Structures are given as C-alpha cells and as structure tokens.
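Below is query28.txt, holding compact mmCIF, C-alpha atoms.
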# COMPACT_ATOMS: atom_id res chain seq x y z
CA MET A 1 97.43 116.89 97.43
CA SER A 2 99.47 114.79 99.82
CA LEU A 3 100.95 111.31 99.62
CA SER A 4 99.30 108.48 101.49
CA SER A 5 101.27 106.92 104.32
CA SER A 6 101.71 103.71 102.28
CA ASP A 7 103.02 105.73 99.30
CA ARG A 8 105.41 107.61 101.58
CA GLU A 9 106.74 104.36 103.00
CA ALA A 10 107.19 102.79 99.54
CA ILE A 11 109.03 105.89 98.25
CA ARG A 12 111.21 106.07 101.36
CA GLU A 13 112.15 102.42 100.88
CA LEU A 14 112.94 102.86 97.17
CA LEU A 15 115.02 106.00 97.68
CA ALA A 16 116.90 104.49 100.62
CA GLY A 17 118.78 102.51 97.97
CA LEU A 18 120.33 105.59 96.34
CA GLU A 19 124.06 105.06 95.89
CA HIS A 20 124.96 108.68 95.27
CA ASP A 21 123.48 112.16 95.66
CA VAL A 22 120.76 113.27 93.25
CA PRO A 23 120.13 116.98 92.58
CA VAL A 24 116.50 117.88 91.91
CA ARG A 25 115.64 121.34 90.60
CA LEU A 26 112.08 122.60 90.64
CA ASP A 27 111.40 125.59 88.38
CA LEU A 28 108.19 127.44 89.17
CA GLY A 29 106.52 130.44 87.56
CA PRO A 30 103.62 131.47 85.38
CA SER A 31 102.73 128.72 82.91
CA GLU A 32 103.27 129.35 79.22
CA SER A 33 99.76 127.94 78.67
CA PRO A 34 97.66 128.37 81.83
CA VAL A 35 95.12 125.62 82.46
CA THR A 36 92.77 124.78 85.30
CA LEU A 37 93.46 121.52 87.14
CA LEU A 38 90.61 119.87 88.98
CA ALA A 39 91.02 117.36 91.78
CA GLY A 40 88.37 114.99 93.09
CA GLY A 41 85.17 116.82 94.00
CA GLY A 42 85.91 119.56 91.48
CA ARG A 43 88.42 121.32 93.74
CA GLU A 44 90.71 123.58 91.73
CA LEU A 45 94.45 122.96 92.03
CA GLU A 46 97.24 125.41 91.28
CA PRO A 47 99.91 123.45 89.32
CA GLY A 48 102.93 125.19 90.87
CA GLU A 49 101.79 124.89 94.47
CA THR A 50 100.65 121.31 93.96
CA THR A 51 103.93 120.31 92.33
CA ARG A 52 105.98 122.06 95.01
CA ALA A 53 104.11 120.20 97.75
CA VAL A 54 104.56 116.81 96.08
CA VAL A 55 108.20 117.29 95.09
CA GLU A 56 109.17 118.69 98.51
CA GLU A 57 107.48 115.74 100.18
CA ILE A 58 109.26 113.21 97.95
CA CYS A 59 112.66 114.84 98.32
CA GLY A 60 112.18 115.04 102.07
CA LEU A 61 111.94 111.25 102.18
CA ALA A 62 115.49 110.71 100.91
CA GLY A 63 118.67 111.92 102.53
CA ARG A 64 120.60 111.80 99.25
CA VAL A 65 118.26 114.07 97.27
CA GLN A 66 119.04 117.79 97.24
CA LEU A 67 116.13 119.99 96.19
CA GLU A 68 116.60 123.46 94.75
CA VAL A 69 113.52 125.58 94.02
CA VAL A 70 113.85 128.41 91.49
CA GLU A 71 111.06 130.94 91.03
CA HIS A 72 110.63 132.74 87.69
CA ALA A 73 108.68 135.93 86.99
CA ALA A 74 108.22 135.46 83.25
CA PRO A 75 105.96 132.75 81.77
CA GLY A 76 107.69 129.55 80.76
CA PRO A 77 107.40 125.74 80.82
CA TYR A 78 106.45 125.54 84.50
CA PRO A 79 106.22 123.68 86.73
CA ARG A 80 109.36 121.81 85.63
CA THR A 81 111.04 119.21 87.83
CA GLY A 82 114.59 118.42 86.71
CA ILE A 83 116.39 115.36 88.02
CA GLY A 84 120.14 115.31 87.58
CA GLU A 85 121.30 116.83 84.32
CA ARG A 86 119.28 114.96 81.71
CA ILE A 87 115.77 114.14 82.85
CA ALA A 88 112.79 116.34 83.63
CA PHE A 89 109.05 116.33 84.11
CA LEU A 90 106.98 119.26 82.85
CA GLY A 91 103.67 119.60 84.63
CA THR A 92 102.13 118.34 87.83
CA PRO A 93 103.36 114.84 88.65
CA TRP A 94 100.60 112.62 89.95
CA GLY A 95 99.23 109.17 89.38
CA TYR A 96 101.47 106.95 87.27
CA GLU A 97 103.75 109.88 86.42
CA LEU A 98 104.48 110.44 90.09
CA THR A 99 105.75 106.86 90.15
CA SER A 100 107.90 107.55 87.06
CA LEU A 101 109.36 110.62 88.72
CA VAL A 102 110.31 108.68 91.83
CA HIS A 103 111.83 105.92 89.72
CA GLY A 104 113.68 108.59 87.72
CA ILE A 105 115.30 109.76 90.96
CA ALA A 106 116.11 106.16 91.87
CA GLU A 107 117.63 105.46 88.44
CA THR A 108 119.72 108.63 88.58
CA GLY A 109 121.04 107.65 92.00
CA ARG A 110 122.11 104.16 90.94
CA SER A 111 125.66 103.24 90.05
CA GLY A 112 124.60 100.98 87.17
CA SER A 113 121.80 101.14 84.62
CA SER A 114 118.70 98.97 84.87
CA LEU A 115 118.58 98.69 81.06
CA ALA A 116 119.51 95.39 79.44
CA PRO A 117 123.13 95.05 78.22
CA ALA A 118 121.89 94.90 74.59
CA SER A 119 120.10 98.22 75.05
CA LEU A 120 123.20 99.82 76.55
CA GLU A 121 125.29 98.53 73.65
CA ALA A 122 122.83 99.97 71.15
CA LEU A 123 122.65 103.35 72.88
CA ALA A 124 126.44 103.56 72.84
CA CYS A 125 126.16 104.00 69.05
CA LEU A 126 124.66 107.46 69.46
CA ASP A 127 127.17 109.97 68.20
CA ARG A 128 125.09 113.11 68.63
CA ASP A 129 122.82 114.64 71.23
CA VAL A 130 119.15 113.62 71.17
CA LEU A 131 116.13 115.21 72.86
CA LEU A 132 113.48 112.67 73.74
CA GLU A 133 110.08 114.10 74.70
CA VAL A 134 107.32 111.86 76.00
CA TYR A 135 103.80 113.27 76.18
CA VAL A 136 101.76 111.75 78.98
CA THR A 137 98.50 112.35 80.81
CA PRO A 138 97.68 111.84 84.48
CA THR A 139 96.25 108.37 85.14
CA MET B 1 108.16 107.28 80.56
CA LEU B 2 110.44 105.28 82.74
CA LEU B 3 112.22 103.79 79.72
CA ALA B 4 112.95 107.28 78.42
CA TYR B 5 114.39 108.25 81.80
CA ARG B 6 116.47 105.08 81.89
CA CYS B 7 117.87 105.79 78.43
CA ALA B 8 118.78 109.34 79.43
CA VAL B 9 120.51 108.20 82.60
CA ALA B 10 122.39 105.52 80.64
CA SER B 11 123.56 107.76 77.78
CA ASP B 12 124.99 111.24 78.17
CA ARG B 13 123.82 111.86 74.59
CA ILE B 14 120.14 111.70 75.59
CA ARG B 15 117.96 114.21 77.41
CA ALA B 16 114.48 113.00 78.30
CA GLU B 17 111.50 115.16 79.21
CA ALA B 18 108.06 113.94 80.18
CA ILE B 19 105.41 116.51 79.36
CA GLU B 20 101.95 116.43 80.86
CA ALA B 21 99.94 116.98 77.68
CA SER B 22 96.86 118.50 79.30
CA GLU B 23 98.99 121.16 81.03
CA PHE B 24 100.94 121.98 77.87
CA PRO B 25 98.25 121.75 75.17
CA LEU B 26 100.01 124.08 72.74
CA ARG B 27 103.16 121.91 72.73
CA ALA B 28 101.05 118.78 72.40
CA ASP B 29 99.11 120.28 69.49
CA ARG B 30 102.30 121.41 67.79
CA HIS B 31 103.47 117.78 67.70
CA GLY B 32 100.05 116.40 66.74
CA VAL B 33 99.69 114.43 69.97
CA HIS B 34 96.40 112.52 69.93
CA GLY B 35 97.18 109.57 72.18
CA VAL B 36 99.66 108.95 74.97
CA PRO B 37 102.36 108.14 75.53
CA ALA B 38 103.47 110.00 72.39
CA ILE B 39 107.20 110.08 71.73
CA VAL B 40 108.85 113.01 69.99
CA VAL B 41 112.51 112.81 69.03
CA ASP B 42 114.37 116.04 68.29
CA GLY B 43 111.08 117.85 67.76
CA ARG B 44 109.64 115.27 65.34
CA PRO B 45 106.80 112.87 66.27
CA ALA B 46 108.30 109.36 66.38
CA TRP B 47 105.65 106.94 67.65
CA ALA B 48 102.78 106.56 70.11
CA GLY B 49 102.01 103.81 72.59
CA ARG B 50 103.94 101.68 75.04
CA VAL B 51 106.50 99.24 73.64
CA PRO B 52 108.98 96.81 75.25
CA GLU B 53 112.49 98.03 76.06
CA ALA B 54 114.25 96.54 73.03
CA GLN B 55 111.70 98.05 70.67
CA PHE B 56 111.84 101.39 72.47
CA VAL B 57 115.60 101.61 72.01
CA GLU B 58 115.38 100.46 68.42
CA ARG B 59 112.73 103.07 67.58
CA LEU B 60 114.64 105.77 69.40
CA LEU B 61 117.80 105.05 67.42
CA ALA B 62 115.86 104.89 64.16
CA ALA B 63 114.21 108.24 64.90
CA ALA B 64 117.64 109.67 65.68
CA GLY B 65 118.96 108.44 62.34
CA LEU B 66 120.65 105.23 63.50
CA HIS B 67 118.69 102.39 62.03
CA GLU B 68 120.38 99.23 63.20
CA ARG B 69 121.67 97.77 66.41
CA PRO B 70 125.37 96.83 66.33
CA GLY B 71 125.87 93.67 64.30
CA ALA B 72 122.25 93.64 63.14
Would you write out, as structure tokens, the structure that this file holds?
Amino acid sequence: MSLSSSDREAIRELLAGLEHDVPVRLDLGPSESPVTLLAGGGRELEPGETTRAVVEEICGLAGRVQLEVVEHAAPGPYPRTGIGERIAFLGTPWGYELTSLVHGIAETGRSGSSLAPASLEALACLDRDVLLEVYVTPT
Amino acid sequence: MLLAYRCAVASDRIRAEAIEASEFPLRADRHGVHGVPAIVVDGRPAWAGRVPEAQFVERLLAAAGLHERPGA
C-alpha cells in the first residue's frame, strides 16, 4: 500500500506547518490477535509491514517528525503507532484513520490547541489521569 | 478520533488510543463494541457514534466522573 501523489502532497503541506519536533514510535511484533487483512482484489496484507510502509512514508514527508521503530519478539498490541507521549493508533492506519493519524501528528506539533476555548476550560477540570480508547474501523 | 487526539494533546491528564476494531477483535468484544466509533473511558464503554466537540468533551468528563462544565 502506498500513498497517492496527491495524498503525499497534501500531507507534506499539512506537516510543513509543524512548529516543533514530533516523535513517532512504531512498535511492531506478533499481534496479540492475528487477523488476515485483505486489500482490493483479495490481496493479503501483513499488518506490520503495511503499517511500517505507510508510517515511514508519512514521517519521511516532514522534517520535524522523528520516527523510531521498535521490534518485539513476544505477541502484543501491534502494530502500534505512538505520536508524542499521549496519543497512539493500534492497527493498520488507512482510509479515514490515516487522515486522523496525520492530523494527530499535526496537532502534536502545534504550539496551541485547535479545541475551542470552552473545551480547554472544561478539560482543565480533570484532576486525574484518563485513558480514552476509540474503536474504529477502516473506511 | 481526531477529537480524542485533540483532547489528549490539550490535556496532559488524557491519553488517547485509536484501536482498529477488526484487527483487535478480542479487545473490541471485551468492551461490547458493536458500532464505531465506540468510546471507552478508563476501560468502561462510554458512548458510540460521532458527536460535536462540545458534546464530546462533556461526555468525556461525565464518563471520567466530572459531570459539569465550570459554571454550568
């Protein structure tokens, strides 16, 4: 799976606006629940290899993104793409979720938040750590 | 998903993970995920479906045990 030239250009443009460096860590290894991914035409995709190709391509489009790839021998929640310290994507990012991943990098590299002031004020009330998991499917 | 990422970037109290349900079916089953997006807060199913930003934040805080916005 490779990005189209128009996707590459759009991502390059978006990530050119990064105001500070963004670390991206890709953890690869045997999946905790192996599944078979099928691309168009019934071609079988390997999640780790597919994710590595996509993430490397995205990170290669931005000078301020540093990619670290960590390989694991034991089964775990892989592939896992971590952006900065607090956001991650588990699985193979494609379709709409690929867009979310790119915007996650962009948001992490911004100096200010793109949330509304009222949302920021509300979130400031949190006085304990919260884990937010969002289940998605490729679209 | 993007709203979850934005919240996590904005607050150092929040960690956000997107999970591709078809690649992690056991996790999805454990949380009773039937439709997407399905939001789970601290291991407990919170809501499903897309909502506007204000509602997303409100539901997140409610699921985390904070029910009201400041001054509400």
Practice prompt. Kindly provide, as a VMD selection string, the residues of chain B having any atom no farther than 9 Å from an atom of chain A, counting all atoms listed in the file.
Written response: chain B and resid 1 to 26 28 33 35 to 43 53 to 54 57 to 58 60 to 61 64 66 68 to 70
Response to the item:
What separates atom CA of Thr51 of chain A and atom CA of Val51 of chain B is a distance of 28.3 Å
Worksheet item: So what do you get for atom CA of Glu68 of chain A versus atom CA of Asp27 of chain A, distance-wise?
Response: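 These atoms are spaced 8.5 Å apart.
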Worksheet entry | Contacts of segment 61-67 of chain A at 12 Å (only C-alpha atoms; same-chain gap of 3+ positions) as a ChimeraX atom specification | /A:3,5,7-27,52,54-58,70,81-84,102,104-106,108-110
Discussion item. What does the structure give for the distance between atom CA of Glu46 of chain A and atom CA of Asp29 of chain B, in Å to one decimal?
Written reply: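 Atom CA of Asp29 of chain B lies at a distance of 22.5 Å from atom CA of Glu46 of chain A.
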